[in-house]
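> Sharing data.cif, mmCIF, C-alpha atoms and all ligand atoms:
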```
data_work
loop_
_atom_site.label_atom_id
_atom_site.label_comp_id
_atom_site.auth_asym_id
_atom_site.auth_seq_id
_atom_site.Cartn_x
_atom_site.Cartn_y
_atom_site.Cartn_z
CA MET A 1 38.27 -137.95 210.66
CA LEU A 2 41.11 -137.29 208.17
CA LYS A 3 43.46 -140.06 209.27
CA ASN A 4 46.15 -140.85 206.68
CA LYS A 5 44.75 -138.44 204.11
CA PHE A 6 47.22 -136.35 202.13
CA ALA A 7 45.65 -132.90 201.99
CA ILE A 8 46.95 -129.98 199.96
CA ILE A 9 45.85 -126.61 201.34
CA THR A 10 46.69 -123.40 199.49
CA GLY A 11 47.17 -120.19 201.44
CA ALA A 12 47.93 -122.52 204.35
CA ALA A 13 50.19 -120.14 206.25
CA GLY A 14 47.72 -117.36 207.08
CA GLY A 15 44.11 -116.45 207.77
CA ILE A 16 41.59 -119.27 207.37
CA GLY A 17 44.19 -121.52 205.72
CA VAL A 18 46.53 -121.87 208.68
CA VAL A 19 43.67 -122.60 211.06
CA ALA A 20 42.35 -125.22 208.63
CA ALA A 21 45.82 -126.73 208.28
CA LYS A 22 46.10 -127.10 212.06
CA ARG A 23 42.63 -128.64 212.26
CA PHE A 24 43.34 -131.05 209.39
CA ALA A 25 46.62 -132.12 211.03
CA LYS A 26 44.84 -132.60 214.37
CA GLU A 27 42.33 -134.83 212.59
CA GLY A 28 45.19 -137.02 211.32
CA ALA A 29 45.84 -135.63 207.84
CA PHE A 30 49.29 -135.17 206.37
CA VAL A 31 49.03 -131.50 205.47
CA ILE A 32 50.78 -130.18 202.38
CA GLY A 33 50.68 -126.44 202.88
CA LEU A 34 51.37 -124.12 199.96
CA ASP A 35 51.72 -120.40 200.58
CA VAL A 36 53.57 -117.53 198.96
CA ASN A 37 54.78 -116.25 202.36
CA ALA A 38 57.96 -118.19 203.14
CA ALA A 39 58.40 -117.02 206.74
CA ALA A 40 54.77 -117.78 207.56
CA CYS A 41 55.20 -121.25 205.98
CA GLU A 42 58.11 -121.97 208.25
CA LYS A 43 56.20 -120.82 211.34
CA ALA A 44 53.02 -122.76 210.50
CA GLY A 45 54.93 -125.94 209.69
CA ALA A 46 56.89 -125.75 212.95
CA GLU A 47 53.72 -125.15 214.98
CA ILE A 48 51.93 -128.13 213.43
CA GLU A 49 54.89 -130.43 214.03
CA ALA A 50 55.30 -129.16 217.59
CA ALA A 51 51.67 -130.13 218.21
CA GLY A 52 52.37 -133.65 216.92
CA GLY A 53 50.98 -133.18 213.41
CA LYS A 54 52.49 -134.20 210.09
CA CYS A 55 53.06 -131.65 207.35
CA LEU A 56 55.15 -130.44 204.45
CA TYR A 57 55.10 -126.67 203.98
CA LEU A 58 56.32 -125.30 200.66
CA GLN A 59 56.72 -121.69 199.63
CA CYS A 60 54.72 -121.50 196.42
CA ASP A 61 53.11 -118.77 194.34
CA ILE A 62 50.06 -120.58 193.02
CA SER A 63 49.70 -118.12 190.13
CA SER A 64 53.05 -119.26 188.72
CA GLU A 65 53.16 -122.47 186.69
CA VAL A 66 56.87 -122.83 187.42
CA SER A 67 56.36 -122.41 191.16
CA VAL A 68 53.46 -124.88 191.26
CA ASP A 69 55.44 -127.46 189.24
CA GLU A 70 58.41 -127.07 191.59
CA ALA A 71 56.10 -127.65 194.55
CA PHE A 72 54.58 -130.76 192.98
CA ALA A 73 58.03 -132.19 192.29
CA LYS A 74 58.67 -131.95 196.04
CA ILE A 75 55.21 -133.30 196.89
CA ARG A 76 55.88 -136.39 194.74
CA GLU A 77 58.97 -137.13 196.82
CA VAL A 78 56.60 -137.63 199.76
CA THR A 79 53.49 -139.17 198.18
CA ASP A 80 52.09 -140.23 194.83
CA ARG A 81 48.55 -140.02 196.24
CA ILE A 82 46.55 -136.91 197.07
CA ASP A 83 43.20 -137.26 198.85
CA VAL A 84 42.18 -133.64 199.36
CA VAL A 85 42.82 -130.36 197.58
CA TYR A 86 41.53 -127.37 199.53
CA ASN A 87 41.86 -124.33 197.27
CA ASN A 88 41.79 -121.59 199.86
CA ALA A 89 44.35 -118.97 198.76
CA SER A 90 43.10 -115.73 197.21
CA VAL A 91 43.81 -112.04 197.22
CA PHE A 92 41.42 -109.13 197.63
CA LEU A 93 43.23 -106.05 196.46
CA GLY A 94 41.38 -103.42 198.46
CA GLY A 95 41.77 -99.91 197.05
CA LYS A 96 43.00 -101.31 193.72
CA ASP A 97 40.09 -103.51 192.68
CA GLY A 98 36.87 -101.61 191.98
CA PRO A 99 33.96 -101.25 189.55
CA LEU A 100 35.04 -102.93 186.30
CA GLY A 101 35.72 -99.69 184.45
CA ASP A 102 38.15 -98.59 187.14
CA VAL A 103 40.19 -101.81 187.35
CA SER A 104 43.60 -101.59 185.70
CA SER A 105 44.62 -104.51 183.54
CA GLU A 106 47.54 -105.13 185.93
CA VAL A 107 45.18 -105.58 188.89
CA TRP A 108 42.72 -107.63 186.82
CA HIS A 109 45.41 -110.10 185.73
CA LYS A 110 46.94 -110.31 189.19
CA VAL A 111 43.63 -111.15 190.88
CA LEU A 112 42.60 -113.64 188.18
CA GLY A 113 46.11 -115.11 188.17
CA ILE A 114 46.04 -115.97 191.87
CA ASN A 115 42.37 -116.61 192.56
CA LEU A 116 41.37 -118.38 189.33
CA THR A 117 44.48 -119.62 187.51
CA GLY A 118 46.05 -120.60 190.85
CA THR A 119 43.07 -122.84 191.56
CA TYR A 120 43.38 -124.32 188.07
CA LEU A 121 47.11 -124.98 188.35
CA VAL A 122 47.07 -126.67 191.76
CA THR A 123 43.96 -128.74 191.05
CA HIS A 124 45.16 -129.65 187.55
CA ARG A 125 48.44 -131.01 188.92
CA ALA A 126 46.71 -132.85 191.78
CA LEU A 127 43.95 -134.60 189.81
CA PRO A 128 46.18 -137.31 188.28
CA MET A 129 47.26 -138.13 191.84
CA MET A 130 43.61 -138.48 192.95
CA LYS A 131 41.93 -140.45 190.17
CA ALA A 132 42.93 -143.94 191.32
CA ASN A 133 41.60 -143.53 194.88
CA GLY A 134 39.04 -140.71 194.70
CA GLY A 135 39.00 -137.76 197.05
CA SER A 136 37.69 -134.31 197.78
CA VAL A 137 38.32 -131.00 196.04
CA ILE A 138 37.21 -127.87 197.89
CA LEU A 139 36.99 -124.52 196.17
CA THR A 140 36.54 -121.20 197.93
CA ALA A 141 34.05 -118.63 196.72
CA SER A 142 32.68 -115.76 198.82
CA SER A 143 29.51 -113.78 199.32
CA ALA A 144 30.91 -112.10 196.19
CA GLY A 145 30.29 -115.36 194.33
CA VAL A 146 26.60 -115.54 195.20
CA SER A 147 25.46 -111.92 195.40
CA GLY A 148 26.51 -108.59 193.95
CA ILE A 149 29.22 -106.90 195.99
CA PRO A 150 30.20 -103.42 194.82
CA ALA A 151 33.66 -102.16 193.95
CA CYS A 152 35.59 -105.42 193.55
CA ALA A 153 34.90 -106.60 189.99
CA ALA A 154 38.04 -108.68 189.57
CA TYR A 155 37.62 -110.45 192.92
CA THR A 156 33.91 -111.00 192.26
CA ALA A 157 34.60 -112.45 188.80
CA THR A 158 36.97 -115.02 190.29
CA LYS A 159 34.52 -115.98 193.03
CA GLY A 160 31.67 -116.48 190.56
CA ALA A 161 34.07 -118.68 188.63
CA MET A 162 34.62 -120.85 191.72
CA VAL A 163 30.87 -121.50 191.89
CA SER A 164 30.70 -122.52 188.21
CA LEU A 165 33.89 -124.54 188.35
CA THR A 166 32.60 -126.46 191.36
CA ARG A 167 29.57 -127.56 189.37
CA SER A 168 31.51 -128.54 186.27
CA MET A 169 34.11 -130.46 188.27
CA ALA A 170 31.41 -132.20 190.31
CA VAL A 171 29.88 -133.64 187.14
CA ASP A 172 33.20 -134.36 185.39
CA TYR A 173 34.97 -136.12 188.25
CA GLY A 174 32.16 -137.87 190.14
CA LYS A 175 32.93 -141.03 188.16
CA TYR A 176 36.35 -141.12 189.83
CA ASN A 177 34.73 -140.71 193.26
CA ILE A 178 36.25 -137.23 193.41
CA ARG A 179 33.76 -134.88 195.06
CA THR A 180 33.98 -131.15 194.40
CA ASN A 181 32.35 -128.64 196.71
CA CYS A 182 32.64 -124.96 197.39
CA ILE A 183 32.65 -122.90 200.57
CA ALA A 184 31.32 -119.36 200.19
CA PRO A 185 32.37 -117.47 203.32
CA ALA A 186 31.77 -113.87 204.33
CA ALA A 187 32.82 -111.73 207.27
CA ILE A 188 35.49 -114.04 208.64
CA LEU A 189 37.82 -112.07 210.84
CA THR A 190 41.19 -112.28 209.03
CA ASP A 191 43.61 -109.90 207.31
CA MET A 192 41.39 -110.06 204.23
CA VAL A 193 38.45 -108.60 206.13
CA LYS A 194 40.68 -105.75 207.22
CA GLU A 195 41.47 -105.13 203.58
CA SER A 196 37.92 -105.54 202.31
CA ASN A 197 35.99 -103.87 205.14
CA LEU A 198 37.70 -102.68 208.29
CA ASN A 199 40.29 -100.46 206.57
CA ASP A 200 37.54 -98.70 204.59
CA PRO A 201 36.82 -95.35 206.30
CA ASN A 202 33.17 -95.62 205.20
CA PHE A 203 32.72 -99.02 206.84
CA ASN A 204 30.59 -98.96 209.99
CA GLU A 205 31.36 -102.09 211.98
CA GLN A 206 28.56 -101.65 214.50
CA LYS A 207 25.95 -101.21 211.76
CA PHE A 208 27.39 -104.16 209.83
CA LEU A 209 27.09 -106.47 212.82
CA GLU A 210 23.74 -105.18 214.05
CA MET A 211 21.90 -104.82 210.76
CA VAL A 212 23.61 -106.84 208.04
CA THR A 213 24.75 -109.91 209.95
CA PRO A 214 21.86 -112.00 211.35
CA LEU A 215 24.15 -113.83 213.80
CA ARG A 216 25.50 -110.43 214.96
CA ARG A 217 29.10 -111.51 215.13
CA TRP A 218 32.09 -111.90 212.89
CA GLY A 219 32.80 -115.41 211.66
CA THR A 220 36.02 -117.10 212.71
CA PRO A 221 38.57 -119.08 210.71
CA GLU A 222 37.60 -122.02 212.96
CA ASP A 223 34.01 -121.79 211.63
CA ILE A 224 35.31 -122.31 208.10
CA ALA A 225 37.96 -124.88 209.02
CA ALA A 226 35.24 -127.11 210.50
CA ILE A 227 33.30 -127.05 207.22
CA ALA A 228 36.41 -127.76 205.17
CA CYS A 229 37.21 -130.65 207.48
CA PHE A 230 33.74 -132.13 206.97
CA LEU A 231 33.88 -131.75 203.17
CA ALA A 232 37.37 -133.28 203.09
CA SER A 233 36.37 -136.25 205.23
CA ASP A 234 34.41 -139.39 204.41
CA GLU A 235 31.58 -137.92 206.51
CA GLY A 236 30.80 -135.85 203.43
CA SER A 237 30.92 -138.85 201.11
CA TYR A 238 27.67 -138.07 199.22
CA VAL A 239 28.12 -134.30 199.06
CA ASN A 240 29.14 -133.25 195.56
CA GLY A 241 28.58 -129.97 193.73
CA THR A 242 27.39 -128.04 196.77
CA ILE A 243 27.93 -124.32 197.28
CA LEU A 244 27.93 -124.00 201.06
CA ARG A 245 27.37 -120.45 202.27
CA ALA A 246 29.18 -119.83 205.54
CA ASP A 247 28.30 -116.22 206.19
CA GLY A 248 26.07 -116.11 209.25
CA GLY A 249 23.10 -115.45 206.97
CA ILE A 250 24.44 -112.22 205.45
CA THR A 251 23.62 -113.15 201.86
CA VAL A 252 20.03 -114.15 202.66
CA ASN A 253 19.28 -111.11 204.81
CA GLY A 254 16.38 -109.52 202.96
CA ASP A 255 15.69 -106.68 205.37
CA VAL A 256 18.84 -105.05 206.66
CA ASN A 257 16.87 -102.60 208.82
CA ARG A 258 16.00 -105.19 211.45
N1 LIG B 1 37.88 -113.51 205.36
C1 LIG B 1 36.67 -113.45 204.81
O1 LIG B 1 35.75 -112.83 205.34
C2 LIG B 1 36.42 -114.07 203.49
C3 LIG B 1 35.20 -113.78 202.86
C4 LIG B 1 34.92 -114.37 201.66
C5 LIG B 1 35.81 -115.26 201.09
N2 LIG B 1 36.99 -115.51 201.72
C6 LIG B 1 37.91 -116.43 201.04
O2 LIG B 1 38.52 -117.31 201.97
C7 LIG B 1 39.84 -117.61 201.53
C8 LIG B 1 40.83 -117.32 202.64
O3 LIG B 1 40.70 -115.95 203.00
P1 LIG B 1 41.46 -115.31 204.26
O4 LIG B 1 40.52 -114.33 204.83
O5 LIG B 1 42.05 -116.37 205.09
O6 LIG B 1 42.62 -114.50 203.50
P2 LIG B 1 44.01 -113.99 204.06
O7 LIG B 1 44.39 -112.84 203.19
O8 LIG B 1 43.95 -113.79 205.53
O9 LIG B 1 45.00 -115.23 203.78
C9 LIG B 1 45.29 -115.63 202.46
C10 LIG B 1 46.50 -116.54 202.44
O10 LIG B 1 46.79 -116.82 201.06
C11 LIG B 1 48.17 -116.63 200.83
N3 LIG B 1 48.41 -116.25 199.43
C12 LIG B 1 48.15 -115.04 198.85
N4 LIG B 1 48.58 -115.05 197.57
C13 LIG B 1 49.09 -116.29 197.34
C14 LIG B 1 49.71 -116.89 196.21
N5 LIG B 1 49.90 -116.22 195.07
N6 LIG B 1 50.12 -118.18 196.31
C15 LIG B 1 49.98 -118.86 197.48
N7 LIG B 1 49.42 -118.32 198.59
C16 LIG B 1 48.98 -117.06 198.52
C17 LIG B 1 48.57 -115.51 201.80
O11 LIG B 1 49.98 -115.49 202.02
C18 LIG B 1 47.76 -115.87 203.02
O12 LIG B 1 48.45 -116.77 203.86
C19 LIG B 1 40.06 -116.77 200.27
O13 LIG B 1 39.79 -117.55 199.13
C20 LIG B 1 39.03 -115.68 200.39
O14 LIG B 1 38.65 -115.13 199.14
C21 LIG B 1 37.31 -114.95 202.89
#
```
Do you think you could lay out the structure here as structure tokens?


Amino acid sequence: MLKNKFAIITGAAGGIGVVAAKRFAKEGAFVIGLDVNAAACEKAGAEIEAAGGKCLYLQCDISSEVSVDEAFAKIREVTDRIDVVYNNASVFLGGKDGPLGDVSSEVWHKVLGINLTGTYLVTHRALPMMKANGGSVILTASSAGVSGIPACAAYTATKGAMVSLTRSMAVDYGKYNIRTNCIAPAAILTDMVKESNLNDPNFNEQKFLEMVTPLRRWGTPEDIAAIACFLASDEGSYVNGTILRADGGITVNGDVNR
């Protein structure tokens, strides 16, 4: 499905990203994994290679222009063509983010720096390597990008931005056969869910699954990796500008009492 495609994945050493990286490699992609966590990069890269996959894992802080440029210098030693950019990395600073009036400027800039500017930097550097052959750009929003989620204004602002940026990129880059789409997940069981929900003493998991989540289960990183794989592949060749909710129906659940 992704044979011979060079695919950059950000946040590729943890959570959804590492599962997607393994799936992409299994489907034949050469995975270029960028993640701020050096030890996790080493582990993920070794696991993919041990399973017969091809990859290049680079420790990279996507919010830093210097770090991203260093990573791209190394990427260009391997390929001058990029087929897929899966912008997956983000932070949710639970306990620090909040209603807008309570968010410190330090937290605001940190969240925007990683979630929004990081997406800009990686995609900006990759686009010149995509224009000649076309490809697929995937952005990652959240339920916070399509409905109002309380007490995480900085995170929510960045996720709304992913939705808008998907649409503007879809119309700007379609002429290069570069498709841009967005996955809007919710309730995927990763460290981020611990930070956003499970660690909150007011969070009631049973109620959440029974009343808020129509499918009555947590989502898995594999659920999201499968969607990313489809959007990255030629199977999705006429899909451009889509915001794909992958949340088990949470954001369309009109009556949470049933
Ligand atoms: N888990 C969910 O329920 C959920 C819900 C909505 C949206 N999302 C979105 O899905 C994406 C993946 O989420 P996840 O649950 O796997 O998160 P996660 O926290 O489990 O993993 C995030 C990964 O990004 C990396 N990362 C963090 N800061 C980075 C930086 N500055 N530079 C490079 N890498 C960095 C981390 O090291 C980690 O490997 C995010 O964009 C998130 O907003 C997840």

> How close does chain A get to ligand LIG 1 (chain B)? List, as a Markdown table, each residue of chain A within 7 Å, its nearest atom pair and the distance in Å to one decimal, counting only C-alpha atoms and all ligand atoms.


```
| residue | atom | partner | partner_atom | distance |
| --- | --- | --- | --- | --- |
| A:Thr10 | CA | B:LIG1 | N7 | 5.8 |
| A:Gly11 | CA | B:LIG1 | O10 | 3.4 |
| A:Ala12 | CA | B:LIG1 | O12 | 5.8 |
| A:Ala13 | CA | B:LIG1 | O12 | 4.5 |
| A:Gly14 | CA | B:LIG1 | O12 | 3.4 |
| A:Gly15 | CA | B:LIG1 | O5 | 3.4 |
| A:Ile16 | CA | B:LIG1 | O5 | 3.7 |
| A:Gly17 | CA | B:LIG1 | O5 | 5.6 |
| A:Leu34 | CA | B:LIG1 | C15 | 6.0 |
| A:Asp35 | CA | B:LIG1 | N7 | 3.7 |
| A:Val36 | CA | B:LIG1 | C15 | 4.1 |
| A:Asn37 | CA | B:LIG1 | O11 | 4.9 |
| A:Cys60 | CA | B:LIG1 | C15 | 5.5 |
| A:Asp61 | CA | B:LIG1 | N6 | 3.6 |
| A:Ile62 | CA | B:LIG1 | N6 | 4.1 |
| A:Ser63 | CA | B:LIG1 | N5 | 5.3 |
| A:Asn88 | CA | B:LIG1 | O13 | 4.6 |
| A:Ala89 | CA | B:LIG1 | O10 | 4.0 |
| A:Ser90 | CA | B:LIG1 | O13 | 4.2 |
| A:Val91 | CA | B:LIG1 | C12 | 5.5 |
| A:Phe92 | CA | B:LIG1 | O14 | 6.8 |
| A:Ile114 | CA | B:LIG1 | N5 | 5.0 |
| A:Thr140 | CA | B:LIG1 | O13 | 5.0 |
| A:Ala141 | CA | B:LIG1 | C5 | 5.8 |
| A:Ser142 | CA | B:LIG1 | C4 | 3.9 |
| A:Ser143 | CA | B:LIG1 | C4 | 5.9 |
| A:Ala184 | CA | B:LIG1 | C5 | 6.1 |
| A:Pro185 | CA | B:LIG1 | C4 | 4.3 |
| A:Ala186 | CA | B:LIG1 | C3 | 3.7 |
| A:Ala187 | CA | B:LIG1 | O1 | 3.7 |
| A:Ile188 | CA | B:LIG1 | O1 | 3.5 |
| A:Leu189 | CA | B:LIG1 | N1 | 5.7 |
| A:Thr190 | CA | B:LIG1 | O8 | 4.7 |
| A:Asp191 | CA | B:LIG1 | O8 | 4.3 |
| A:Met192 | CA | B:LIG1 | O7 | 4.2 |
| A:Val193 | CA | B:LIG1 | N1 | 5.0 |
```

> Kindly export the residues of the current selection with C-alpha atoms, as an mmCIF file, in the frame of the given file.


```
data_model
loop_
_atom_site.group_PDB
_atom_site.id
_atom_site.type_symbol
_atom_site.label_atom_id
_atom_site.label_comp_id
_atom_site.auth_asym_id
_atom_site.auth_seq_id
_atom_site.Cartn_x
_atom_site.Cartn_y
_atom_site.Cartn_z
ATOM 1 C CA THR A 10 46.690 -123.400 199.490
ATOM 2 C CA GLY A 11 47.170 -120.190 201.440
ATOM 3 C CA ALA A 12 47.930 -122.520 204.350
ATOM 4 C CA ALA A 13 50.190 -120.140 206.250
ATOM 5 C CA GLY A 14 47.720 -117.360 207.080
ATOM 6 C CA GLY A 15 44.110 -116.450 207.770
ATOM 7 C CA ILE A 16 41.590 -119.270 207.370
ATOM 8 C CA GLY A 17 44.190 -121.520 205.720
ATOM 9 C CA LEU A 34 51.370 -124.120 199.960
ATOM 10 C CA ASP A 35 51.720 -120.400 200.580
ATOM 11 C CA VAL A 36 53.570 -117.530 198.960
ATOM 12 C CA ASN A 37 54.780 -116.250 202.360
ATOM 13 C CA CYS A 60 54.720 -121.500 196.420
ATOM 14 C CA ASP A 61 53.110 -118.770 194.340
ATOM 15 C CA ILE A 62 50.060 -120.580 193.020
ATOM 16 C CA SER A 63 49.700 -118.120 190.130
ATOM 17 C CA ASN A 88 41.790 -121.590 199.860
ATOM 18 C CA ALA A 89 44.350 -118.970 198.760
ATOM 19 C CA SER A 90 43.100 -115.730 197.210
ATOM 20 C CA VAL A 91 43.810 -112.040 197.220
ATOM 21 C CA PHE A 92 41.420 -109.130 197.630
ATOM 22 C CA ILE A 114 46.040 -115.970 191.870
ATOM 23 C CA THR A 140 36.540 -121.200 197.930
ATOM 24 C CA ALA A 141 34.050 -118.630 196.720
ATOM 25 C CA SER A 142 32.680 -115.760 198.820
ATOM 26 C CA SER A 143 29.510 -113.780 199.320
ATOM 27 C CA ALA A 184 31.320 -119.360 200.190
ATOM 28 C CA PRO A 185 32.370 -117.470 203.320
ATOM 29 C CA ALA A 186 31.770 -113.870 204.330
ATOM 30 C CA ALA A 187 32.820 -111.730 207.270
ATOM 31 C CA ILE A 188 35.490 -114.040 208.640
ATOM 32 C CA LEU A 189 37.820 -112.070 210.840
ATOM 33 C CA THR A 190 41.190 -112.280 209.030
ATOM 34 C CA ASP A 191 43.610 -109.900 207.310
ATOM 35 C CA MET A 192 41.390 -110.060 204.230
ATOM 36 C CA VAL A 193 38.450 -108.600 206.130
#
```

> Find the residue from A:Ser233, A:Asn181, A:Thr117, A:Ser67 that sits nearest to Lys5 of chain A; use all atoms listed in the file when measuring.

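Among the listed residues, A:Ser233 lies closest to Lys5 of chain A.
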
> Asp83 of chain A: which residues within 10 Å, counting all atoms listed in the file, same-chain residues fewer than 3 positions away excluded, as a count of residues only?

21

> From the set A:Val68, A:Cys55, A:Ala170, A:Val19, which residue has the shortest atom-to-atom contact distance to Val239 of chain A, counting all atoms listed in the file?

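Among the listed residues, the smallest separation from Val239 of chain A belongs to A:Ala170.
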
> Would you kindly return, as a ChimeraX atom specification, each protein, DNA or RNA residue with an atom no farther than 12 Å from any atom of Arg125 of chain A, considering all atoms listed in the file and excluding same-chain residues fewer than 3 positions away?

/A:8,62,65-73,75-76,80-82,85,118-122,128-131

> Rank nothing, just name the residue among A:Gly174, A:Gly249, A:Gly236, A:Pro201 nearest to Arg217 of chain A, using all atoms listed in the file.

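That would be A:Gly249, the residue with the smallest distance to Arg217 of chain A.
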